[in-house]
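Participant: entry-v3.csv (CSV, C-alpha atoms and all ligand atoms) pasted underneath:
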```
chain,number,residue,atom,x,y,z
A,1,MET,CA,0.0,0.0,0.0
A,2,ASP,CA,1.2,3.4,-0.9
A,3,LEU,CA,0.2,5.5,2.1
A,4,THR,CA,1.1,8.8,0.6
A,5,ARG,CA,-1.6,8.2,-2.1
A,6,LEU,CA,-4.2,8.1,0.7
A,7,ILE,CA,-3.0,11.2,2.6
A,8,ARG,CA,-4.5,14.5,1.6
A,9,PRO,CA,-1.9,16.5,-0.4
A,10,ASN,CA,-2.1,19.5,1.9
A,11,ILE,CA,-1.4,17.3,4.9
A,12,LEU,CA,1.5,15.6,3.1
A,13,ALA,CA,3.0,19.0,2.4
A,14,LEU,CA,2.2,20.4,5.9
A,15,ALA,CA,5.0,21.9,7.9
A,16,PRO,CA,3.5,21.2,11.3
A,17,TYR,CA,3.5,23.8,14.1
A,18,SER,CA,6.5,23.3,16.3
A,19,CYS,CA,5.7,24.2,19.9
A,20,ALA,CA,8.3,25.1,22.5
A,21,ARG,CA,8.1,21.7,24.2
A,22,ASP,CA,8.6,20.0,20.9
A,23,GLU,CA,12.0,21.7,20.3
A,24,PHE,CA,13.6,20.9,23.6
A,25,LYS,CA,13.6,17.3,25.1
A,26,GLY,CA,14.8,16.5,28.5
A,27,GLU,CA,15.0,18.2,31.9
A,28,ALA,CA,16.3,21.8,32.4
A,29,SER,CA,16.4,24.1,35.4
A,30,VAL,CA,15.1,27.3,33.8
A,31,TYR,CA,12.2,27.3,31.4
A,32,VAL,CA,11.8,30.6,29.7
A,33,ASP,CA,10.7,29.3,26.3
A,34,ALA,CA,6.9,29.3,26.4
A,35,ASN,CA,5.8,32.5,28.1
A,36,GLU,CA,4.3,30.7,31.1
A,37,ASN,CA,3.9,32.1,34.5
A,38,PRO,CA,7.0,30.8,36.4
A,39,TYR,CA,5.3,30.3,39.8
A,40,ASN,CA,4.6,26.6,40.4
A,41,ASN,CA,1.0,25.7,41.1
A,42,GLY,CA,1.2,22.2,39.5
A,43,LEU,CA,-0.5,23.4,36.3
A,44,ASN,CA,1.5,26.5,35.3
A,45,ARG,CA,3.5,24.7,32.6
A,46,TYR,CA,2.2,23.4,29.2
A,47,PRO,CA,1.7,19.6,29.2
A,48,ASP,CA,3.8,17.2,27.2
A,49,PRO,CA,2.5,17.6,23.7
A,50,ARG,CA,3.2,13.9,22.9
A,51,GLN,CA,2.1,12.4,26.3
A,52,TRP,CA,5.2,10.1,26.5
A,53,LYS,CA,4.7,9.0,30.1
A,54,VAL,CA,1.2,7.8,29.3
A,55,LYS,CA,2.3,6.1,26.1
A,56,GLU,CA,5.2,4.4,27.8
A,57,LEU,CA,2.8,2.8,30.3
A,58,LEU,CA,0.2,2.0,27.7
A,59,ALA,CA,2.5,0.6,25.0
A,60,PRO,CA,3.5,-2.6,26.9
A,61,ILE,CA,-0.2,-3.2,27.9
A,62,LYS,CA,-1.2,-3.1,24.3
A,63,GLY,CA,1.9,-4.8,22.8
A,64,VAL,CA,2.8,-1.9,20.5
A,65,ARG,CA,5.6,0.7,20.4
A,66,PRO,CA,4.9,4.1,22.0
A,67,GLU,CA,5.4,5.7,18.5
A,68,GLN,CA,2.5,3.7,17.3
A,69,ILE,CA,0.1,5.4,19.7
A,70,PHE,CA,-1.9,8.6,19.2
A,71,LEU,CA,-3.8,10.0,22.3
A,72,GLY,CA,-6.6,12.4,21.9
A,73,ASN,CA,-9.5,14.2,23.5
A,74,GLY,CA,-11.7,11.1,23.4
A,75,SER,CA,-11.9,8.7,20.5
A,76,ASP,CA,-13.9,11.5,18.9
A,77,GLU,CA,-10.7,13.4,18.2
A,78,ALA,CA,-9.2,10.4,16.5
A,79,ILE,CA,-12.3,9.9,14.4
A,80,ASP,CA,-12.2,13.5,13.3
A,81,LEU,CA,-8.5,13.3,12.5
A,82,VAL,CA,-9.1,10.3,10.3
A,83,TYR,CA,-11.2,12.6,8.0
A,84,ARG,CA,-8.8,15.5,8.3
A,85,VAL,CA,-5.8,13.4,7.4
A,86,PHE,CA,-7.2,11.2,4.6
A,87,CYS,CA,-10.3,12.7,3.1
A,88,ARG,CA,-10.5,15.7,0.7
A,89,PRO,CA,-13.7,17.6,1.5
A,90,GLY,CA,-16.2,17.5,-1.4
A,91,ILE,CA,-14.2,14.8,-3.3
A,92,ASP,CA,-13.5,11.7,-1.2
A,93,ASN,CA,-15.9,9.3,0.4
A,94,VAL,CA,-15.9,6.7,3.2
A,95,VAL,CA,-17.9,3.4,3.5
A,96,ALA,CA,-19.4,2.1,6.8
A,97,PRO,CA,-22.0,-0.4,7.9
A,98,VAL,CA,-25.3,0.7,9.3
A,99,PRO,CA,-26.3,0.6,12.2
A,100,THR,CA,-23.1,1.7,13.8
A,101,TYR,CA,-21.6,4.5,16.0
A,102,GLY,CA,-23.1,7.8,14.9
A,103,MET,CA,-19.9,9.9,15.2
A,104,TYR,CA,-18.5,8.4,12.0
A,105,GLN,CA,-21.3,10.0,10.0
A,106,VAL,CA,-21.5,13.3,11.9
A,107,CYS,CA,-17.7,13.8,11.5
A,108,ALA,CA,-18.1,13.0,7.8
A,109,GLU,CA,-20.7,15.6,7.4
A,110,ILE,CA,-18.7,18.2,9.4
A,111,ASN,CA,-15.8,17.5,7.1
A,112,ASP,CA,-17.9,17.5,3.9
A,113,VAL,CA,-17.0,13.9,3.1
A,114,GLU,CA,-19.6,11.6,1.5
A,115,TYR,CA,-20.7,8.9,3.9
A,116,ARG,CA,-21.8,5.6,2.2
A,117,ALA,CA,-23.8,3.5,4.6
A,118,VAL,CA,-24.3,-0.2,3.8
A,119,PRO,CA,-26.8,-2.2,5.9
A,120,LEU,CA,-25.6,-5.0,8.0
A,121,GLN,CA,-27.4,-8.3,7.5
A,122,ASP,CA,-30.9,-8.4,9.1
A,123,ALA,CA,-31.2,-10.2,12.4
A,124,THR,CA,-27.5,-11.2,12.7
A,125,PHE,CA,-25.9,-7.8,12.1
A,126,ALA,CA,-23.2,-9.7,10.1
A,127,LEU,CA,-21.1,-7.7,7.6
A,128,ASP,CA,-22.3,-7.7,4.0
A,129,VAL,CA,-18.8,-7.5,2.5
A,130,GLU,CA,-20.0,-7.7,-1.1
A,131,ALA,CA,-22.4,-4.8,-0.6
A,132,MET,CA,-19.6,-2.8,1.0
A,133,ALA,CA,-17.2,-3.6,-1.9
A,134,ALA,CA,-19.9,-2.4,-4.4
A,135,GLN,CA,-19.7,1.0,-2.7
A,136,VAL,CA,-15.9,1.3,-2.8
A,137,ASP,CA,-14.5,3.4,-5.7
A,138,ASP,CA,-11.3,5.3,-6.5
A,139,TYR,CA,-12.3,8.1,-4.1
A,140,THR,CA,-13.0,5.8,-1.1
A,141,LYS,CA,-10.3,6.5,1.4
A,142,VAL,CA,-11.6,5.0,4.6
A,143,ILE,CA,-13.8,2.0,5.7
A,144,TRP,CA,-15.2,2.1,9.2
A,145,LEU,CA,-15.7,-1.1,11.3
A,146,CYS,CA,-16.9,-1.0,14.9
A,147,SER,CA,-16.2,-4.3,16.6
A,148,PRO,CA,-17.9,-5.0,19.0
A,149,ASN,CA,-20.4,-2.9,17.2
A,150,ASN,CA,-22.5,-0.2,18.8
A,151,PRO,CA,-25.5,-0.6,19.0
A,152,SER,CA,-25.8,-4.2,17.9
A,153,GLY,CA,-23.3,-5.6,20.4
A,154,ASN,CA,-21.8,-8.3,18.1
A,155,ALA,CA,-18.0,-8.5,17.3
A,156,TYR,CA,-16.7,-9.6,13.9
A,157,ASN,CA,-14.3,-12.5,14.2
A,158,GLU,CA,-10.6,-12.1,13.6
A,159,GLU,CA,-10.5,-14.0,10.3
A,160,GLU,CA,-13.4,-11.9,9.0
A,161,ILE,CA,-11.6,-8.7,9.8
A,162,GLU,CA,-8.3,-9.9,8.3
A,163,ASN,CA,-10.1,-10.9,5.1
A,164,PHE,CA,-11.5,-7.4,5.1
A,165,LEU,CA,-8.1,-5.8,5.6
A,166,THR,CA,-6.7,-7.8,2.7
A,167,ARG,CA,-9.7,-7.2,0.4
A,168,PHE,CA,-9.6,-3.4,1.0
A,169,CYS,CA,-5.9,-3.0,1.1
A,170,GLN,CA,-6.1,0.2,-1.0
A,171,GLN,CA,-8.2,1.9,1.7
A,172,ILE,CA,-7.6,2.7,5.4
A,173,VAL,CA,-9.7,0.4,7.5
A,174,VAL,CA,-10.5,1.8,11.0
A,175,VAL,CA,-11.5,-0.8,13.6
A,176,ASP,CA,-13.1,0.9,16.5
A,177,GLU,CA,-12.6,-1.4,19.6
A,178,ALA,CA,-14.2,0.8,22.2
A,179,TYR,CA,-15.7,-2.3,23.8
A,180,ILE,CA,-12.9,-4.8,23.1
A,181,ASP,CA,-12.3,-5.5,26.8
A,182,PHE,CA,-15.8,-7.0,27.1
A,183,SER,CA,-15.3,-9.2,24.0
A,184,SER,CA,-14.4,-12.8,23.4
A,185,VAL,CA,-12.8,-11.8,20.1
A,186,PRO,CA,-9.2,-10.6,20.5
A,187,SER,CA,-8.0,-7.1,19.6
A,188,MET,CA,-6.6,-6.5,16.1
A,189,VAL,CA,-3.8,-4.5,17.7
A,190,SER,CA,-1.5,-7.5,17.5
A,191,LYS,CA,-2.0,-7.4,13.7
A,192,LEU,CA,-0.8,-3.8,13.1
A,193,ASP,CA,2.6,-4.8,11.8
A,194,ARG,CA,1.0,-7.1,9.2
A,195,TYR,CA,-1.6,-4.6,7.9
A,196,PRO,CA,-0.3,-1.1,7.1
A,197,ASN,CA,-3.8,0.1,6.3
A,198,LEU,CA,-5.2,-0.7,9.8
A,199,ILE,CA,-6.0,1.8,12.4
A,200,VAL,CA,-7.3,0.5,15.8
A,201,LEU,CA,-9.3,2.9,18.1
A,202,GLN,CA,-9.7,2.2,21.8
A,203,THR,CA,-10.7,4.5,24.7
A,204,PHE,CA,-10.5,5.0,28.4
A,205,SER,CA,-14.3,5.7,28.5
A,206,LYS,CA,-15.7,2.2,28.8
A,207,ALA,CA,-13.9,-0.7,30.5
A,208,TRP,CA,-11.3,1.6,32.0
A,209,GLY,CA,-14.1,3.6,33.7
A,210,HIS,CA,-12.9,7.1,32.8
A,211,ALA,CA,-15.3,8.6,30.4
A,212,ALA,CA,-15.0,12.0,32.1
A,213,MET,CA,-11.2,12.0,31.7
A,214,ARG,CA,-11.6,12.3,27.8
A,215,LEU,CA,-8.8,10.1,26.6
A,216,GLY,CA,-9.1,8.2,23.3
A,217,ILE,CA,-6.5,6.0,21.7
A,218,ALA,CA,-5.6,5.4,18.1
A,219,MET,CA,-2.9,2.7,17.2
A,220,ALA,CA,-1.5,2.3,13.8
A,221,SER,CA,1.8,2.3,11.9
A,222,GLU,CA,4.4,4.9,13.0
A,223,GLU,CA,3.9,6.6,9.6
A,224,ILE,CA,0.1,7.0,10.1
A,225,ILE,CA,0.6,8.2,13.7
A,226,GLY,CA,3.1,10.7,12.5
A,227,TYR,CA,0.5,12.3,10.3
A,228,PHE,CA,-2.0,12.4,13.2
A,229,ASN,CA,0.6,14.1,15.3
A,230,ASN,CA,1.2,16.7,12.6
A,231,VAL,CA,-2.5,17.6,12.4
A,232,LYS,CA,-3.6,17.5,16.0
A,233,TYR,CA,-3.7,20.6,18.2
A,234,PRO,CA,-0.2,20.9,19.9
A,235,TYR,CA,-1.5,20.4,23.5
A,236,ASN,CA,-4.5,18.3,22.8
A,237,VAL,CA,-4.4,16.2,26.0
A,238,ASN,CA,-4.3,18.3,29.1
A,239,GLU,CA,-2.0,17.8,32.1
A,240,LEU,CA,-4.8,16.7,34.5
A,241,THR,CA,-5.8,14.0,32.1
A,242,GLN,CA,-2.2,12.8,31.6
A,243,GLN,CA,-1.7,12.6,35.3
A,244,GLU,CA,-4.9,10.7,35.9
A,245,ALA,CA,-4.1,8.3,33.0
A,246,VAL,CA,-0.8,7.4,34.6
A,247,LYS,CA,-2.6,6.5,37.8
A,248,VAL,CA,-5.3,4.5,35.9
A,249,LEU,CA,-2.7,2.5,33.9
A,250,GLY,CA,-1.0,1.6,37.2
A,251,ASN,CA,-4.0,-0.5,38.2
A,252,VAL,CA,-4.9,-2.8,35.3
A,253,GLU,CA,-6.2,-5.4,37.8
A,254,LYS,CA,-8.9,-3.0,38.9
A,255,LYS,CA,-10.1,-2.6,35.3
A,256,ASN,CA,-10.0,-6.4,34.8
A,257,ARG,CA,-12.0,-7.0,38.0
A,258,GLN,CA,-14.7,-4.6,37.0
A,259,VAL,CA,-14.8,-6.1,33.5
A,260,ALA,CA,-15.3,-9.6,35.0
A,261,GLU,CA,-18.1,-8.3,37.2
A,262,ILE,CA,-19.8,-6.5,34.3
A,263,LEU,CA,-19.6,-9.7,32.2
A,264,GLU,CA,-21.2,-11.7,35.0
A,265,GLN,CA,-23.9,-9.1,35.3
A,266,ARG,CA,-24.5,-9.0,31.6
A,267,ASP,CA,-25.6,-12.7,31.8
A,268,ILE,CA,-27.7,-12.1,34.9
A,269,LEU,CA,-29.4,-9.1,33.3
A,270,ARG,CA,-30.1,-11.0,30.1
A,271,GLU,CA,-31.7,-13.9,32.0
A,272,LEU,CA,-33.8,-11.5,34.1
A,273,LEU,CA,-35.0,-9.6,31.1
A,274,LEU,CA,-35.8,-12.7,29.1
A,275,THR,CA,-38.4,-13.7,31.7
A,276,LEU,CA,-40.5,-10.5,30.9
A,277,PRO,CA,-43.4,-10.6,28.5
A,278,CYS,CA,-42.5,-7.1,27.1
A,279,VAL,CA,-39.1,-8.5,26.0
A,280,GLU,CA,-39.2,-10.1,22.6
A,281,LYS,CA,-35.5,-10.8,21.9
A,282,ILE,CA,-32.1,-9.9,23.2
A,283,TYR,CA,-29.2,-9.9,20.7
A,284,PRO,CA,-25.9,-11.6,21.6
A,285,SER,CA,-23.5,-9.1,23.1
A,286,ASP,CA,-19.7,-8.9,23.1
A,287,ALA,CA,-20.0,-5.5,24.8
A,288,ASN,CA,-21.2,-4.0,28.1
A,289,PHE,CA,-24.7,-3.4,26.9
A,290,LEU,CA,-27.6,-5.4,25.6
A,291,LEU,CA,-29.7,-4.5,22.5
A,292,VAL,CA,-33.2,-5.5,23.6
A,293,LYS,CA,-36.1,-5.8,21.3
A,294,VAL,CA,-39.3,-5.0,23.2
A,295,SER,CA,-43.0,-4.9,22.4
A,296,ASP,CA,-43.2,-1.1,22.2
A,297,ALA,CA,-39.9,0.8,22.5
A,298,PRO,CA,-41.2,4.3,22.6
A,299,ALA,CA,-43.8,3.5,25.3
A,300,ILE,CA,-41.3,1.5,27.4
A,301,TYR,CA,-38.6,4.1,27.0
A,302,ASN,CA,-41.0,6.8,28.3
A,303,TYR,CA,-42.3,4.5,31.1
A,304,LEU,CA,-38.7,3.8,32.3
A,305,ALA,CA,-37.7,7.5,32.0
A,306,GLY,CA,-40.7,8.3,34.3
A,307,GLN,CA,-39.2,5.9,36.8
A,308,GLY,CA,-35.8,7.7,36.6
A,309,ILE,CA,-34.3,4.9,34.4
A,310,ILE,CA,-32.7,6.2,31.2
A,311,THR,CA,-32.1,3.7,28.4
A,312,ARG,CA,-31.0,4.5,24.8
A,313,SER,CA,-33.8,4.1,22.3
A,314,ARG,CA,-32.5,2.8,19.0
A,315,HIS,CA,-36.1,2.4,17.7
A,316,LYS,CA,-35.6,4.8,14.8
A,317,VAL,CA,-32.2,3.3,13.7
A,318,GLN,CA,-32.2,1.0,10.7
A,319,LEU,CA,-32.6,-2.7,11.6
A,320,CYS,CA,-33.2,-1.7,15.3
A,321,PHE,CA,-37.0,-1.3,15.2
A,322,ASN,CA,-38.5,-1.5,18.8
A,323,CYS,CA,-35.0,-1.8,20.3
A,324,LEU,CA,-33.6,-0.3,23.4
A,325,ARG,CA,-29.9,-0.3,24.2
A,326,ILE,CA,-29.4,-1.0,27.9
A,327,THR,CA,-25.9,-0.6,29.5
A,328,VAL,CA,-25.1,-3.3,32.1
A,329,GLY,CA,-25.1,-1.5,35.5
A,330,THR,CA,-24.3,-2.4,39.0
A,331,PRO,CA,-26.1,-5.5,40.5
A,332,VAL,CA,-28.6,-3.1,42.2
A,333,GLU,CA,-29.2,-1.1,39.1
A,334,ASN,CA,-29.8,-4.2,37.0
A,335,VAL,CA,-32.4,-5.5,39.5
A,336,THR,CA,-34.0,-2.0,39.5
A,337,ILE,CA,-34.4,-2.1,35.7
A,338,TYR,CA,-35.9,-5.6,36.0
A,339,ASN,CA,-38.3,-4.7,38.7
A,340,ALA,CA,-39.5,-1.6,36.9
A,341,LEU,CA,-40.1,-3.5,33.6
A,342,LYS,CA,-42.0,-6.3,35.5
A,343,GLU,CA,-44.6,-3.6,36.4
A,344,PHE,CA,-44.9,-2.4,32.8
A,401,LIG,C1,-18.4,5.0,23.5
A,401,LIG,C2,-17.7,4.8,22.2
A,401,LIG,C3,-16.5,5.4,21.9
A,401,LIG,C4,-15.8,6.3,23.0
A,401,LIG,O1,-15.7,7.6,22.6
A,401,LIG,P1,-14.8,8.6,23.5
A,401,LIG,O2,-14.8,9.8,22.7
A,401,LIG,O3,-13.5,7.9,23.6
A,401,LIG,O4,-15.5,8.6,24.8
A,401,LIG,C5,-15.9,5.2,20.7
A,401,LIG,N1,-16.5,4.4,19.8
A,401,LIG,C6,-17.7,3.8,20.1
A,401,LIG,C7,-18.2,2.9,19.0
A,401,LIG,C8,-18.3,4.0,21.3
A,401,LIG,O5,-19.5,3.4,21.5
```
Just give me the structure of the file as structure tokens.
Facilitator:
Amino acid sequence: MDLTRLIRPNILALAPYSCARDEFKGEASVYVDANENPYNNGLNRYPDPRQWKVKELLAPIKGVRPEQIFLGNGSDEAIDLVYRVFCRPGIDNVVAPVPTYGMYQVCAEINDVEYRAVPLQDATFALDVEAMAAQVDDYTKVIWLCSPNNPSGNAYNEEEIENFLTRFCQQIVVVDEAYIDFSSVPSMVSKLDRYPNLIVLQTFSKAWGHAAMRLGIAMASEEIIGYFNNVKYPYNVNELTQQEAVKVLGNVEKKNRQVAEILEQRDILRELLLTLPCVEKIYPSDANFLLVKVSDAPAIYNYLAGQGIITRSRHKVQLCFNCLRITVGTPVENVTIYNALKEF
């Protein structure tokens, strides 16, 4: 794959902004290079623009090199950067399955990039590779895959994704693994060296329990990450977030314990809900939520909201008629949902 053919010409030619903290590496005793206030309050200095402390802790956990990691203000920043690095506004297009995570389309529209949505297969939410291939042309720069997929909950298996990466080797394939810690399917991160067109997205917002911290992860070849670094805002991850991320990464066991608990609760919640007459079907889930087909989604959504229980209605989303997406909560929350629905 010739990566430079996929990069927007203006990004290829870009001389990136060089900030004060990019030009000097290491420790000094006097910093008078960035017009900061010299009085130490813990936050008076600009943060590390490349977040090396966080990346050095994260890299061995993910089995990649720190240079293969981009960190951003949530995965949403990485999603937006995919468009800004690869897609020429008004010219290029991207292909994605539907239903899937809404931000891919919103960011496409913001960047004036045509978004070609291809329905997943009815009832199973399996990929329709041929239908996707039919939408790919010379102007297709990116193909989005979310696995496990939001809102359907299913993960595509490894072999399926590898076939996909080979078939669409002239495009960038982004695999959004926001829910990978809850999945029985392994991460594609271990395949990065084999597929130069692969970008894997992950996040601290779900399994790691830090949605408020706003830290998203993109992993890819050093070459692709280099372009992301050139285009991102210089200080895109603030100091408080970097400090908290260092703490969070020091306690992988806590994350693993909570994931195990949530997986147990996912089964319990499924069994409870399946006993209810208003529940018609619950789709298999490789994530921390259940897509639940109910008898009357709008009515049940409103009823639950009236009880102070907020679910996500996917009723108006293609292939999700009468479906509510319910996040697995604490044991008490899960029983509360069940008890409320029993009274519907
Ligand atoms: C929740 C979610 C994310 C996380 O986004 P952040 O900006 O990192 O909080 C990313 N992708 C998908 C599919 C999600 O459902």
Participant: Using all atoms listed in the file, find the one residue out of A:Val64, A:Ala126, A:Cys19, A:Ile161 that sits nearest to A:Pro47.
Facilitator: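 Closest to A:Pro47, using all atoms listed in the file: A:Cys19.
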Participant: Collect all residues with atoms no farther than 9 Å from ligand LIG 401 (chain A), counting all atoms listed in the file, and output them as number ranges by chain.
Facilitator: A: 72-79, 100-104, 146-151, 176-179, 201-206, 210-217
Participant: Determine the nearest neighbour of A:Lys62 from the options A:Glu160, A:Asp128, A:Asp181, A:Asp137, counting all atoms listed in the file.
Facilitator: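 When distances to A:Lys62 are compared using all atoms listed in the file, the smallest one comes from A:Asp181.
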Participant: Could you tell me how far atom CA of A:Lys316 lies from atom CA of A:Gln105, in Å and to one decimal?
Facilitator: 16.0 Å
Participant: Using only C-alpha atoms, list the residues that have an atom at most 10 Å from (-15.5, 16.7, 8.9), coordinates as in the file, as a PyMOL selection string.
Facilitator: chain A and resi 79-84+87-89+104-114
Participant: For the residues in that selection, give me C-alpha atoms as an mmCIF file, in the frame of the given file.
Facilitator:
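This is the output file out-v7.cif:
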```cif
data_model
loop_
_atom_site.group_PDB
_atom_site.id
_atom_site.type_symbol
_atom_site.label_atom_id
_atom_site.label_comp_id
_atom_site.auth_asym_id
_atom_site.auth_seq_id
_atom_site.Cartn_x
_atom_site.Cartn_y
_atom_site.Cartn_z
ATOM 1 C CA ILE A 79 -12.300 9.900 14.400
ATOM 2 C CA ASP A 80 -12.200 13.500 13.300
ATOM 3 C CA LEU A 81 -8.500 13.300 12.500
ATOM 4 C CA VAL A 82 -9.100 10.300 10.300
ATOM 5 C CA TYR A 83 -11.200 12.600 8.000
ATOM 6 C CA ARG A 84 -8.800 15.500 8.300
ATOM 7 C CA CYS A 87 -10.300 12.700 3.100
ATOM 8 C CA ARG A 88 -10.500 15.700 0.700
ATOM 9 C CA PRO A 89 -13.700 17.600 1.500
ATOM 10 C CA TYR A 104 -18.500 8.400 12.000
ATOM 11 C CA GLN A 105 -21.300 10.000 10.000
ATOM 12 C CA VAL A 106 -21.500 13.300 11.900
ATOM 13 C CA CYS A 107 -17.700 13.800 11.500
ATOM 14 C CA ALA A 108 -18.100 13.000 7.800
ATOM 15 C CA GLU A 109 -20.700 15.600 7.400
ATOM 16 C CA ILE A 110 -18.700 18.200 9.400
ATOM 17 C CA ASN A 111 -15.800 17.500 7.100
ATOM 18 C CA ASP A 112 -17.900 17.500 3.900
ATOM 19 C CA VAL A 113 -17.000 13.900 3.100
ATOM 20 C CA GLU A 114 -19.600 11.600 1.500
#
```
Participant: Can you fill out stretch 74-91 of chain A with N, CA and C atoms and hand it back as a tab-separated table (two decimals), in the coordinates of the input?
Facilitator:
```tsv
chain	number	residue	atom	x	y	z
A	74	GLY	N	-10.68	12.11	23.76
A	74	GLY	CA	-11.70	11.10	23.40
A	74	GLY	C	-11.38	10.47	22.08
A	75	SER	N	-12.03	9.32	21.80
A	75	SER	CA	-11.90	8.70	20.50
A	75	SER	C	-12.43	9.65	19.42
A	76	ASP	N	-13.34	10.53	19.83
A	76	ASP	CA	-13.90	11.50	18.90
A	76	ASP	C	-12.87	12.30	18.17
A	77	GLU	N	-11.82	12.67	18.89
A	77	GLU	CA	-10.70	13.40	18.20
A	77	GLU	C	-10.07	12.57	17.17
A	78	ALA	N	-9.85	11.29	17.49
A	78	ALA	CA	-9.20	10.40	16.50
A	78	ALA	C	-10.09	10.20	15.29
A	79	ILE	N	-11.40	10.08	15.52
A	79	ILE	CA	-12.30	9.90	14.40
A	79	ILE	C	-12.27	11.12	13.48
A	80	ASP	N	-12.29	12.30	14.07
A	80	ASP	CA	-12.20	13.50	13.30
A	80	ASP	C	-10.89	13.62	12.52
A	81	LEU	N	-9.81	13.22	13.17
A	81	LEU	CA	-8.50	13.30	12.50
A	81	LEU	C	-8.41	12.35	11.32
A	82	VAL	N	-9.10	11.21	11.40
A	82	VAL	CA	-9.10	10.30	10.30
A	82	VAL	C	-9.60	11.04	9.01
A	83	TYR	N	-10.68	11.82	9.18
A	83	TYR	CA	-11.20	12.60	8.00
A	83	TYR	C	-10.20	13.68	7.62
A	84	ARG	N	-9.66	14.40	8.61
A	84	ARG	CA	-8.80	15.50	8.30
A	84	ARG	C	-7.50	15.13	7.64
A	85	VAL	N	-7.03	13.90	7.96
A	85	VAL	CA	-5.80	13.40	7.40
A	85	VAL	C	-5.96	12.79	6.02
A	86	PHE	N	-7.06	12.04	5.85
A	86	PHE	CA	-7.20	11.20	4.60
A	86	PHE	C	-8.17	11.76	3.59
A	87	CYS	N	-9.20	12.48	4.02
A	87	CYS	CA	-10.30	12.70	3.10
A	87	CYS	C	-10.39	14.16	2.61
A	88	ARG	N	-10.33	14.34	1.31
A	88	ARG	CA	-10.50	15.70	0.70
A	88	ARG	C	-11.97	16.06	0.74
A	89	PRO	N	-12.30	17.18	1.40
A	89	PRO	CA	-13.70	17.60	1.50
A	89	PRO	C	-14.28	17.78	0.07
A	90	GLY	N	-15.52	17.30	-0.10
A	90	GLY	CA	-16.20	17.50	-1.40
A	90	GLY	C	-15.71	16.56	-2.47
A	91	ILE	N	-14.73	15.72	-2.22
A	91	ILE	CA	-14.20	14.80	-3.30
A	91	ILE	C	-14.20	13.37	-2.82
```
